[in-house]
$ cat model12.txt   # compact mmCIF, N, CA and C atoms
# COMPACT_ATOMS: atom_id res chain seq x y z
N VAL A 801 0.85 -1.17 0.00
CA VAL A 801 0.00 0.00 0.00
C VAL A 801 0.90 1.24 0.00
N THR A 802 0.48 2.27 -0.74
CA THR A 802 1.26 3.50 -0.83
C THR A 802 0.49 4.62 -0.15
N LEU A 803 1.16 5.31 0.76
CA LEU A 803 0.59 6.46 1.45
C LEU A 803 1.18 7.73 0.86
N ASN A 804 0.31 8.65 0.49
CA ASN A 804 0.72 9.95 -0.04
C ASN A 804 0.70 10.91 1.15
N CYS A 805 1.88 11.31 1.62
CA CYS A 805 1.96 12.05 2.88
C CYS A 805 2.83 13.30 2.76
N PRO A 806 2.75 14.19 3.77
CA PRO A 806 3.60 15.37 3.77
C PRO A 806 5.06 14.95 3.94
N PRO A 807 5.98 15.73 3.38
CA PRO A 807 7.40 15.36 3.45
C PRO A 807 7.96 15.29 4.88
N GLU A 808 7.35 16.03 5.80
CA GLU A 808 7.87 16.04 7.17
C GLU A 808 7.39 14.86 8.02
N MET A 809 6.44 14.08 7.53
CA MET A 809 5.94 12.94 8.30
C MET A 809 6.97 11.81 8.28
N SER A 810 7.32 11.33 9.47
CA SER A 810 8.36 10.29 9.57
C SER A 810 7.78 8.91 9.27
N VAL A 811 8.64 8.05 8.76
CA VAL A 811 8.26 6.66 8.50
C VAL A 811 7.93 5.98 9.83
N ASP A 812 8.66 6.33 10.89
CA ASP A 812 8.38 5.75 12.20
C ASP A 812 6.94 6.04 12.64
N LYS A 813 6.47 7.26 12.38
CA LYS A 813 5.09 7.61 12.73
C LYS A 813 4.11 6.75 11.94
N MET A 814 4.41 6.50 10.69
CA MET A 814 3.54 5.66 9.86
C MET A 814 3.54 4.22 10.37
N LEU A 815 4.71 3.71 10.70
CA LEU A 815 4.80 2.34 11.23
C LEU A 815 4.07 2.22 12.56
N GLU A 816 4.15 3.27 13.40
CA GLU A 816 3.41 3.27 14.66
C GLU A 816 1.90 3.23 14.41
N ALA A 817 1.45 3.93 13.38
CA ALA A 817 0.02 3.90 13.03
C ALA A 817 -0.40 2.50 12.61
N PHE A 818 0.44 1.82 11.84
CA PHE A 818 0.13 0.44 11.46
C PHE A 818 0.08 -0.44 12.70
N ALA A 819 1.03 -0.27 13.60
CA ALA A 819 1.07 -1.09 14.83
C ALA A 819 -0.16 -0.82 15.69
N GLY A 820 -0.58 0.43 15.77
CA GLY A 820 -1.74 0.78 16.58
C GLY A 820 -3.06 0.31 15.99
N ASN A 821 -3.07 0.03 14.71
CA ASN A 821 -4.29 -0.43 14.04
C ASN A 821 -4.13 -1.86 13.52
N SER A 822 -3.28 -2.61 14.18
CA SER A 822 -2.95 -3.96 13.74
C SER A 822 -4.13 -4.93 13.94
N HIS A 823 -3.95 -6.11 13.43
CA HIS A 823 -4.93 -7.19 13.51
C HIS A 823 -4.15 -8.47 13.70
N LYS A 824 -4.77 -9.48 14.29
CA LYS A 824 -4.06 -10.73 14.56
C LYS A 824 -3.51 -11.39 13.30
N LEU A 825 -4.09 -11.10 12.14
CA LEU A 825 -3.59 -11.70 10.89
C LEU A 825 -2.41 -10.93 10.30
N LEU A 826 -2.20 -9.70 10.74
CA LEU A 826 -1.10 -8.89 10.20
C LEU A 826 0.20 -9.32 10.86
N ALA A 827 1.06 -9.98 10.09
CA ALA A 827 2.30 -10.52 10.63
C ALA A 827 3.47 -9.54 10.55
N ASP A 828 3.48 -8.66 9.52
CA ASP A 828 4.64 -7.78 9.34
C ASP A 828 4.28 -6.59 8.46
N VAL A 829 4.92 -5.46 8.73
CA VAL A 829 4.80 -4.27 7.90
C VAL A 829 6.22 -3.75 7.65
N VAL A 830 6.57 -3.59 6.39
CA VAL A 830 7.91 -3.15 6.01
C VAL A 830 7.80 -2.05 4.95
N MET A 831 8.56 -0.97 5.13
CA MET A 831 8.60 0.05 4.09
C MET A 831 9.39 -0.52 2.91
N SER A 832 8.82 -0.43 1.71
CA SER A 832 9.50 -1.03 0.57
C SER A 832 9.93 -0.01 -0.49
N ASP A 833 9.37 1.21 -0.46
CA ASP A 833 9.74 2.19 -1.48
C ASP A 833 9.40 3.60 -1.00
N LEU A 834 10.17 4.56 -1.50
CA LEU A 834 9.93 5.96 -1.22
C LEU A 834 10.10 6.74 -2.51
N TYR A 835 9.10 7.53 -2.86
CA TYR A 835 9.16 8.35 -4.05
C TYR A 835 8.87 9.79 -3.67
N ILE A 836 9.75 10.71 -4.05
CA ILE A 836 9.56 12.13 -3.81
C ILE A 836 9.43 12.82 -5.16
N PRO A 837 8.21 13.32 -5.49
CA PRO A 837 8.02 14.01 -6.77
C PRO A 837 8.88 15.26 -6.85
N GLU A 838 9.07 15.76 -8.06
CA GLU A 838 9.93 16.92 -8.28
C GLU A 838 9.47 18.15 -7.51
N ASP A 839 8.15 18.33 -7.35
CA ASP A 839 7.66 19.51 -6.62
C ASP A 839 7.90 19.41 -5.11
N LYS A 840 8.19 18.23 -4.61
CA LYS A 840 8.51 17.95 -3.21
C LYS A 840 7.42 18.40 -2.24
N ALA A 841 6.20 18.60 -2.73
CA ALA A 841 5.10 19.00 -1.86
C ALA A 841 4.57 17.81 -1.04
N THR A 842 4.71 16.62 -1.60
CA THR A 842 4.31 15.40 -0.91
C THR A 842 5.34 14.32 -1.22
N ARG A 843 5.18 13.20 -0.57
CA ARG A 843 6.00 12.03 -0.93
C ARG A 843 5.14 10.79 -0.81
N ASN A 844 5.50 9.80 -1.57
CA ASN A 844 4.77 8.53 -1.59
C ASN A 844 5.63 7.47 -0.92
N VAL A 845 5.10 6.91 0.15
CA VAL A 845 5.82 5.87 0.89
C VAL A 845 5.03 4.57 0.75
N THR A 846 5.69 3.54 0.24
CA THR A 846 5.03 2.26 -0.01
C THR A 846 5.45 1.25 1.06
N PHE A 847 4.44 0.56 1.58
CA PHE A 847 4.66 -0.47 2.60
C PHE A 847 4.18 -1.81 2.09
N ARG A 848 4.89 -2.86 2.49
CA ARG A 848 4.46 -4.23 2.19
C ARG A 848 3.88 -4.82 3.47
N LEU A 849 2.64 -5.24 3.42
CA LEU A 849 1.98 -5.85 4.57
C LEU A 849 1.89 -7.35 4.34
N THR A 850 2.28 -8.11 5.34
CA THR A 850 2.25 -9.57 5.25
C THR A 850 1.20 -10.09 6.22
N TYR A 851 0.31 -10.92 5.71
CA TYR A 851 -0.75 -11.50 6.52
C TYR A 851 -0.50 -13.00 6.65
N ARG A 852 -0.76 -13.51 7.86
CA ARG A 852 -0.48 -14.93 8.10
C ARG A 852 -1.40 -15.45 9.21
N HIS A 853 -1.80 -16.70 9.07
CA HIS A 853 -2.54 -17.40 10.13
C HIS A 853 -1.76 -18.67 10.43
N ALA A 854 -1.59 -18.98 11.71
CA ALA A 854 -0.77 -20.12 12.11
C ALA A 854 -1.38 -21.47 11.75
N ASP A 855 -2.70 -21.53 11.67
CA ASP A 855 -3.35 -22.83 11.53
C ASP A 855 -4.03 -23.10 10.19
N LYS A 856 -4.09 -22.09 9.32
CA LYS A 856 -4.80 -22.33 8.07
C LYS A 856 -4.30 -21.40 6.97
N THR A 857 -4.66 -21.74 5.75
CA THR A 857 -4.37 -20.88 4.61
C THR A 857 -5.45 -19.83 4.53
N LEU A 858 -5.03 -18.59 4.40
CA LEU A 858 -5.99 -17.49 4.33
C LEU A 858 -6.60 -17.39 2.94
N LYS A 859 -7.85 -17.02 2.90
CA LYS A 859 -8.54 -16.78 1.63
C LYS A 859 -8.46 -15.28 1.32
N ASP A 860 -8.50 -14.96 0.04
CA ASP A 860 -8.41 -13.56 -0.40
C ASP A 860 -9.44 -12.68 0.31
N ALA A 861 -10.65 -13.16 0.42
CA ALA A 861 -11.72 -12.35 1.02
C ALA A 861 -11.41 -12.02 2.48
N GLU A 862 -10.81 -12.97 3.21
CA GLU A 862 -10.43 -12.73 4.61
C GLU A 862 -9.38 -11.62 4.69
N VAL A 863 -8.37 -11.74 3.86
CA VAL A 863 -7.27 -10.77 3.87
C VAL A 863 -7.76 -9.40 3.40
N ASP A 864 -8.56 -9.38 2.34
CA ASP A 864 -9.07 -8.10 1.82
C ASP A 864 -9.84 -7.34 2.88
N LYS A 865 -10.69 -8.03 3.62
CA LYS A 865 -11.50 -7.39 4.66
C LYS A 865 -10.60 -6.75 5.73
N VAL A 866 -9.64 -7.50 6.22
CA VAL A 866 -8.72 -7.00 7.25
C VAL A 866 -7.85 -5.88 6.68
N HIS A 867 -7.32 -6.10 5.49
CA HIS A 867 -6.43 -5.12 4.85
C HIS A 867 -7.13 -3.77 4.67
N ASN A 868 -8.33 -3.79 4.13
CA ASN A 868 -9.07 -2.55 3.91
C ASN A 868 -9.35 -1.82 5.21
N LYS A 869 -9.68 -2.56 6.25
CA LYS A 869 -9.95 -1.96 7.56
C LYS A 869 -8.69 -1.29 8.12
N ILE A 870 -7.56 -1.97 8.03
CA ILE A 870 -6.30 -1.42 8.53
C ILE A 870 -5.91 -0.18 7.75
N ILE A 871 -5.97 -0.25 6.43
CA ILE A 871 -5.56 0.88 5.59
C ILE A 871 -6.44 2.10 5.84
N LYS A 872 -7.74 1.89 5.95
CA LYS A 872 -8.65 2.99 6.22
C LYS A 872 -8.34 3.64 7.57
N ALA A 873 -8.11 2.84 8.59
CA ALA A 873 -7.81 3.36 9.92
C ALA A 873 -6.49 4.13 9.94
N VAL A 874 -5.47 3.60 9.29
CA VAL A 874 -4.16 4.26 9.24
C VAL A 874 -4.27 5.58 8.49
N ALA A 875 -4.92 5.58 7.34
CA ALA A 875 -5.07 6.80 6.54
C ALA A 875 -5.83 7.87 7.34
N ASN A 876 -6.90 7.47 8.03
CA ASN A 876 -7.66 8.42 8.84
C ASN A 876 -6.83 8.96 10.00
N GLU A 877 -6.11 8.08 10.67
CA GLU A 877 -5.29 8.50 11.81
C GLU A 877 -4.22 9.49 11.40
N LEU A 878 -3.57 9.23 10.27
CA LEU A 878 -2.46 10.08 9.81
C LEU A 878 -2.94 11.27 8.99
N GLY A 879 -4.17 11.22 8.49
CA GLY A 879 -4.68 12.28 7.64
C GLY A 879 -4.01 12.30 6.28
N VAL A 880 -3.79 11.11 5.70
CA VAL A 880 -3.11 10.99 4.42
C VAL A 880 -4.02 10.29 3.41
N ASP A 881 -3.64 10.38 2.14
CA ASP A 881 -4.34 9.67 1.07
C ASP A 881 -3.64 8.35 0.78
N VAL A 882 -4.42 7.41 0.27
CA VAL A 882 -3.86 6.11 -0.12
C VAL A 882 -3.75 6.06 -1.61

$ encode --input "model12.txt" --output "structure tokens"
Amino acid sequence: VTLNCPPEMSVDKMLEAFAGNSHKLLADVVMSDLYIPEDKATRNVTFRLTYRHADKTLKDAEVDKVHNKIIKAVANELGVDV
């Protein structure tokens, strides 16, 4: 998922938002890319989210539901666009 955020927002703050809005299926969140447009008014930070269940294979619908909920909560908390 890519967050379009102000240049002064730290990656640590974004990771804290993911941690605060976590779910039992969310196993890991890692920043995977950073893009700063030429105008430098915003920056795009991309995160890779890994979902895992210890006892079963997850279905797309299960992951999509959790993923959308987490992304919406993080975007609202940080006041950023996805």

$ select_by_dssp --input "model12.txt" --residues "chain A" --states "strand (DSSP E or B)" --output "list of chain:residue names"
A:Thr802, A:Leu803, A:Asn804, A:Cys805, A:Leu826, A:Ala827, A:Asp828, A:Val829, A:Val830, A:Met831, A:Ser832, A:Asp833, A:Leu834, A:Tyr835, A:Arg843, A:Asn844, A:Val845, A:Thr846, A:Phe847, A:Arg848, A:Leu849, A:Thr850, A:Tyr851, A:Asp881

$ residues_around --input "model12.txt" --residues "Phe847 in chain A" --least-positions-apart "6" --cutoff "7 Å" --atoms "all atoms listed in the file" --output "list in words"
Val801, Thr802, Leu803, Val829, Val830, Met831, Ser832 and Asp833 of chain A

$ closest_residue --input "model12.txt" --among "A:Val811, A:Val845, A:Ala819, A:Cys805" --to "Ala873 in chain A" --atoms "only C-alpha atoms"
A:Ala819

$ atom_distance --input "model12.txt" --atom1 "atom C of Ala841 in chain A" --atom2 "CA of Lys869 in chain A"
26.0 Å

$ closest_residue --input "model12.txt" --among "A:Lys859, A:Leu878, A:Asn868, A:Ala854" --to "Met814 in chain A" --atoms "all atoms listed in the file"
A:Leu878

$ closest_residue --input "model12.txt" --among "A:Lys840, A:Asp812, A:Pro806, A:Thr850" --to "Leu825 in chain A" --atoms "all atoms listed in the file"
A:Thr850

$ atom_distance --input "model12.txt" --atom1 "CA of Tyr851 in chain A" --atom2 "CA of Ser822 in chain A"
10.7 Å

$ atom_distance --input "model12.txt" --atom1 "atom C of Ile871 in chain A" --atom2 "CA of Ile836 in chain A"
21.2 Å

$ closest_residue --input "model12.txt" --among "A:Leu815, A:His867, A:Pro807, A:Gly820" --to "Thr842 in chain A" --atoms "all atoms listed in the file"
A:Pro807

$ select_by_dssp --input "model12.txt" --residues "chain A" --states "helix (DSSP H, G or I)" --output "PyMOL selection string"
chain A and resi 811-820+860-878
